[in-house]
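Heads up: the structure comes next, in structure tokens.
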Amino acid sequence: MKTLGAFLLALHGAAAFPAVMEAMSNNGKRQSNTCSVSAKCNQKYSVTDAQIGYNPKAPTPAQVASAGRNHCGNLTPCTLFDAAEQYVSTSGAHAFQSPKSTDLRGPCPGLNAAANHGYLARNGVQSLTQTITGLGQAYGMSVDLAGFLAAYAIAFDGDLVSMTWSIGGPQAKLGAVDSGQGISWSHNKYEGDTSISRCDAYINNGDAHSLSTTRFAYAYSEGAKDDRLDMDKFARAFAKNTYRSIGQNPYYFAPLFSTTLVSPAAYNFVIAMMSNHTADQPGGYLNEDMFKTFFSVTGHYPNYKWNPGQDRIPNNTYTGIDISNFSNGIYNAQNLFQGDNLACFMYQNIQQGLPDIITANPLVTAGATLLQKQFGIAFAGVTCPAVSKFNNNNLPPYPGRSYSPNPPANAPQNC
Ligand code: HEM
């Protein structure tokens, strides 16, 4: 996956911090108060290999390179296997428990499953430290990537008083300040169109966290022939879903962070962090059973059923990443920035943009400080040339840009 550097390319895509975002136009808001999937979202929309420029008999050099990637994305060799070190416990303190009706779950199966196994707080509200520790233990996610993603969630969708964030809908308001919408209702800020199994918010009445079995089947269809999913197949799944979003969703919009980075990164997260690793297959493999378990889906291709909130880590899972060595691991900012001047460009613009955000809303100072600290950790040692300021006002007024649905008062907690 493109990791931290790739994420940071996108920060300016989200126009501002929470209060500023909420003040943006809410044209076209529609809301859903159930975990449900609209007919429009489940509607079949076929996209062929040819439409995305893929001919299996004559792949381009880039497609050949893509097919050569293992489940670690080739950022690390992923050729060694150490059972004791890579084992992920699903018993004792990490036994699966269904969420209570008041626990928060949302659009991210990785986070839902980590909470259901007690790697993250089971109530769904996370601190920065809990996120870093829990995702490191459950998936071998590096400190810098988990820290950055959590800091972004706190700053944009979380509670700036308690420095926590919700993996689902809004958490209870803790202080005078709004505690944030949670990632379930963070459309265009964190959550974006073109997801693997979730609908585009607009075509599902604002609900971008409920799972569409049609979309899930599309994702698995790429690997149905040999019951194996991999980076290459999921790259095609992403390309096809982009076609679908453009064709089905008049409010499709691809801001830099949510849709251009988080959505495609999620495709890679499936392969990089949901695959199992064994002595025979240290490079990893992912089959239908494992894919269904993480996404809380039952049935067999193409007839699936979604069971909201029951996402889990399969038993006998071994991560693909050296979990004892987070900060030098697969998602190391140093690797990502080699020769990547564009990343430097965006990083410096983020730094320059933060004071403006603080001026716009003094309440977000704490969030901005937190982000800056995480950037400091993630980018320690990276040297970038001076660049001029990015002008976010140049974005044309696409209708989808200002579509930002709010949760209804009685939104279910865990779907
Ligand atoms: C702090 C860490 C994380 C944050 C803040 C986060 C946040 C999100 C968000 C906002 C989405 C919705 C994106 C969209 O609209 O498609 C998402 C989706 C997703 N995330 Fe995460 N995530 C995190 C960690 C992980 C991990 C560790 C995994 C894998 C083990 C993972 C796997 C996924 C997958 C597969 C999706 C796509 C779900 C779908 O489309 O059905 N995430 N995540």
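The chains in the structure tokens are called A, B, ... from first to last as shown; in each chain the residues are counted from 1, and the ligands are counted from 1 in the order shown.
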Could you find all residues in region 86-130 of chain A that DSSP calls strand (DSSP E or B) from the backbone, and write them as a list in words?
Tyr87, Val88, Arg105, Val125, Gln126 and Ser127 of chain A
Please produce, as a tab-separated table, a per-residue contact table for region 35-72 of chain A versus region 218-222 of chain A (criterion: any atom at most 12 Å away, only C-alpha atoms considered), showing the nearest atom pair and its distance in Å to one decimal, sorted by chain then residue number.
residue	atom	partner	partner_atom	distance
A:Asn42	CA	A:Tyr218	CA	10.7
A:Gln43	CA	A:Tyr218	CA	11.5
A:Lys44	CA	A:Tyr218	CA	9.2
A:Tyr45	CA	A:Tyr218	CA	9.5
A:Ser46	CA	A:Tyr218	CA	8.9
A:Val47	CA	A:Tyr218	CA	9.8
A:Thr48	CA	A:Glu222	CA	11.1
A:Asp49	CA	A:Glu222	CA	10.2
What would the file look like if the residues just selected were written as an mmCIF file, in the first residue's frame with C-alpha atoms?
data_model
loop_
_atom_site.group_PDB
_atom_site.id
_atom_site.type_symbol
_atom_site.label_atom_id
_atom_site.label_comp_id
_atom_site.auth_asym_id
_atom_site.auth_seq_id
_atom_site.Cartn_x
_atom_site.Cartn_y
_atom_site.Cartn_z
ATOM 1 C CA ASN A 42 -27.050 -2.966 -4.639
ATOM 2 C CA GLN A 43 -27.878 -2.480 -8.314
ATOM 3 C CA LYS A 44 -25.586 -4.524 -10.569
ATOM 4 C CA TYR A 45 -23.191 -2.449 -12.653
ATOM 5 C CA SER A 46 -20.839 -4.542 -14.715
ATOM 6 C CA VAL A 47 -17.435 -3.215 -15.680
ATOM 7 C CA THR A 48 -15.187 -5.316 -17.874
ATOM 8 C CA ASP A 49 -11.414 -5.753 -17.811
#
Which residue, A:Cys415, A:Val297, A:Met274, A:Ala239, has the smallest gap to ligand 1 when you use only C-alpha atoms and all ligand atoms?
A:Met274
Residues within 8 Å of Met290 (chain A), please, as a list in words. Count only C-alpha atoms; anything in the same chain fewer than 3 positions from it doesn't count.
Met274, Ser275, Leu286, Asn287, Thr293, Phe294 and Pro314 of chain A
For the residues in the current selection, export N, CA and C atoms as a short mmCIF file (atom, residue, chain, number, x, y, z; two decimals), in the first residue's frame.
data_model
loop_
_atom_site.label_atom_id
_atom_site.label_comp_id
_atom_site.auth_asym_id
_atom_site.auth_seq_id
_atom_site.Cartn_x
_atom_site.Cartn_y
_atom_site.Cartn_z
N MET A 274 -4.91 -8.30 6.18
CA MET A 274 -5.89 -9.35 6.47
C MET A 274 -5.44 -10.71 5.93
N SER A 275 -4.31 -10.75 5.26
CA SER A 275 -3.80 -12.03 4.76
C SER A 275 -3.19 -12.84 5.89
N LEU A 286 -4.80 -14.87 0.89
CA LEU A 286 -6.12 -14.46 1.39
C LEU A 286 -7.19 -15.14 0.56
N ASN A 287 -8.07 -15.87 1.24
CA ASN A 287 -9.13 -16.56 0.52
C ASN A 287 -10.51 -16.03 0.93
N THR A 293 -14.79 -13.42 6.93
CA THR A 293 -14.70 -13.33 8.39
C THR A 293 -14.40 -11.90 8.82
N PHE A 294 -13.41 -11.29 8.18
CA PHE A 294 -13.07 -9.90 8.53
C PHE A 294 -14.23 -8.95 8.28
N PRO A 314 -9.78 -14.00 11.88
CA PRO A 314 -9.86 -15.47 11.87
C PRO A 314 -8.89 -16.07 12.88
#
Who sits within 8 Å of Gly283 (chain A), only C-alpha atoms, same chain under 6 positions skipped, as a PDB file with C-alpha atoms, in the first residue's frame:
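Output below, filename out30.pdb:
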ATOM      1  CA  ASN A  70       3.325 -10.238  -2.670  1.00  0.00           C
ATOM      2  CA  HIS A  71       0.893  -9.577   0.166  1.00  0.00           C
ATOM      3  CA  CYS A  72       3.295  -7.215   1.859  1.00  0.00           C
ATOM      4  CA  CYS A  78       8.148 -10.730   3.556  1.00  0.00           C
ATOM      5  CA  THR A  79      10.101 -13.912   3.004  1.00  0.00           C
ATOM      6  CA  HIS A 277       1.163 -16.017   6.627  1.00  0.00           C
ATOM      7  CA  GLY A 320       2.962 -10.488   7.694  1.00  0.00           C
TER       8      GLY A 320
END
What is the distance between atom 27 (C, counted along the ligand's line) of ligand 1 and CA of Lys305 (chain A), in Å to one decimal?
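Answer for the atom 27 (C, counted along the ligand's line) of ligand 1 to CA of Lys305 (chain A) separation: 23.2 Å.
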With only C-alpha atoms as the counted atoms, please give the residues lying no more than 10 Å from Gln248 (chain A), apart from itself and same-chain residues fewer than 5 positions off, as a PyMOL selection string.
chain A and resi 40-41+43+45+200+202-203+242-243
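In this comparison, which uses only C-alpha atoms and all ligand atoms, the residue of A:Gly309, A:Gly180, A:Pro170, A:Pro264 approaching ligand 1 most closely is A:Pro264.
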Skipping near chain neighbours, those fewer than 3 positions away, what residues fall within 9 Å of Gly134 (chain A) using only C-alpha atoms, listed as a list in words?
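Contacts, in chain order: Ala114, Ala115, Gly118, Tyr119, Leu120, Ala121, Thr129, Gln130, Thr131, Gln137, Ala138, Tyr139 and Met141 of chain A.
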Could those residues be written to a file, using C-alpha atoms, as a PDB file, in the first residue's frame?
ATOM      1  CA  ALA A 114      -9.742  -5.071  16.353  1.00  0.00           C
ATOM      2  CA  ALA A 115     -12.390  -3.684  18.728  1.00  0.00           C
ATOM      3  CA  GLY A 118     -10.219  -6.147  22.451  1.00  0.00           C
ATOM      4  CA  TYR A 119      -7.160  -4.871  20.606  1.00  0.00           C
ATOM      5  CA  LEU A 120      -8.978  -1.558  20.490  1.00  0.00           C
ATOM      6  CA  ALA A 121     -11.420  -0.338  23.137  1.00  0.00           C
ATOM      7  CA  THR A 129      -2.063   5.419  22.379  1.00  0.00           C
ATOM      8  CA  GLN A 130      -4.713   2.721  22.303  1.00  0.00           C
ATOM      9  CA  THR A 131      -4.856   2.951  18.522  1.00  0.00           C
ATOM     10  CA  GLN A 137      -0.536  -5.945  18.070  1.00  0.00           C
ATOM     11  CA  ALA A 138      -3.420  -6.978  15.854  1.00  0.00           C
ATOM     12  CA  TYR A 139      -2.002  -6.204  12.415  1.00  0.00           C
ATOM     13  CA  MET A 141       0.663  -1.645  11.723  1.00  0.00           C
TER      14      MET A 141
END
Which of these residues is nearest to ligand 1, using only C-alpha atoms and all ligand atoms: A:Tyr285, A:Phe234, A:Tyr403, A:Tyr251?
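Under the stated criterion, the closest residue is A:Phe234.
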Write out as a count of residues only all residues of region 168-335 of chain A that backbone DSSP assigns to helix (DSSP H, G or I).
64
Need to verify the contact set: Ser89 (chain A), 10 Å, only C-alpha atoms, exclusion of same-chain residues closer than 2 positions in sequence. Can you return it as a PyMOL selection string?
chain A and resi 86-87+91-95+117+119+137-138+313-318
Of the residues A:Ile196, A:Ala265, A:Ala217, A:Ala201, which is the one nearest to Phe253 (chain A), using only C-alpha atoms?
A:Ala201
A:Asn55, A:Asn204, A:Ser210, A:Thr90: which is nearest ligand 1, counting only C-alpha atoms and all ligand atoms?
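Under the stated criterion, the closest residue is A:Ser210.
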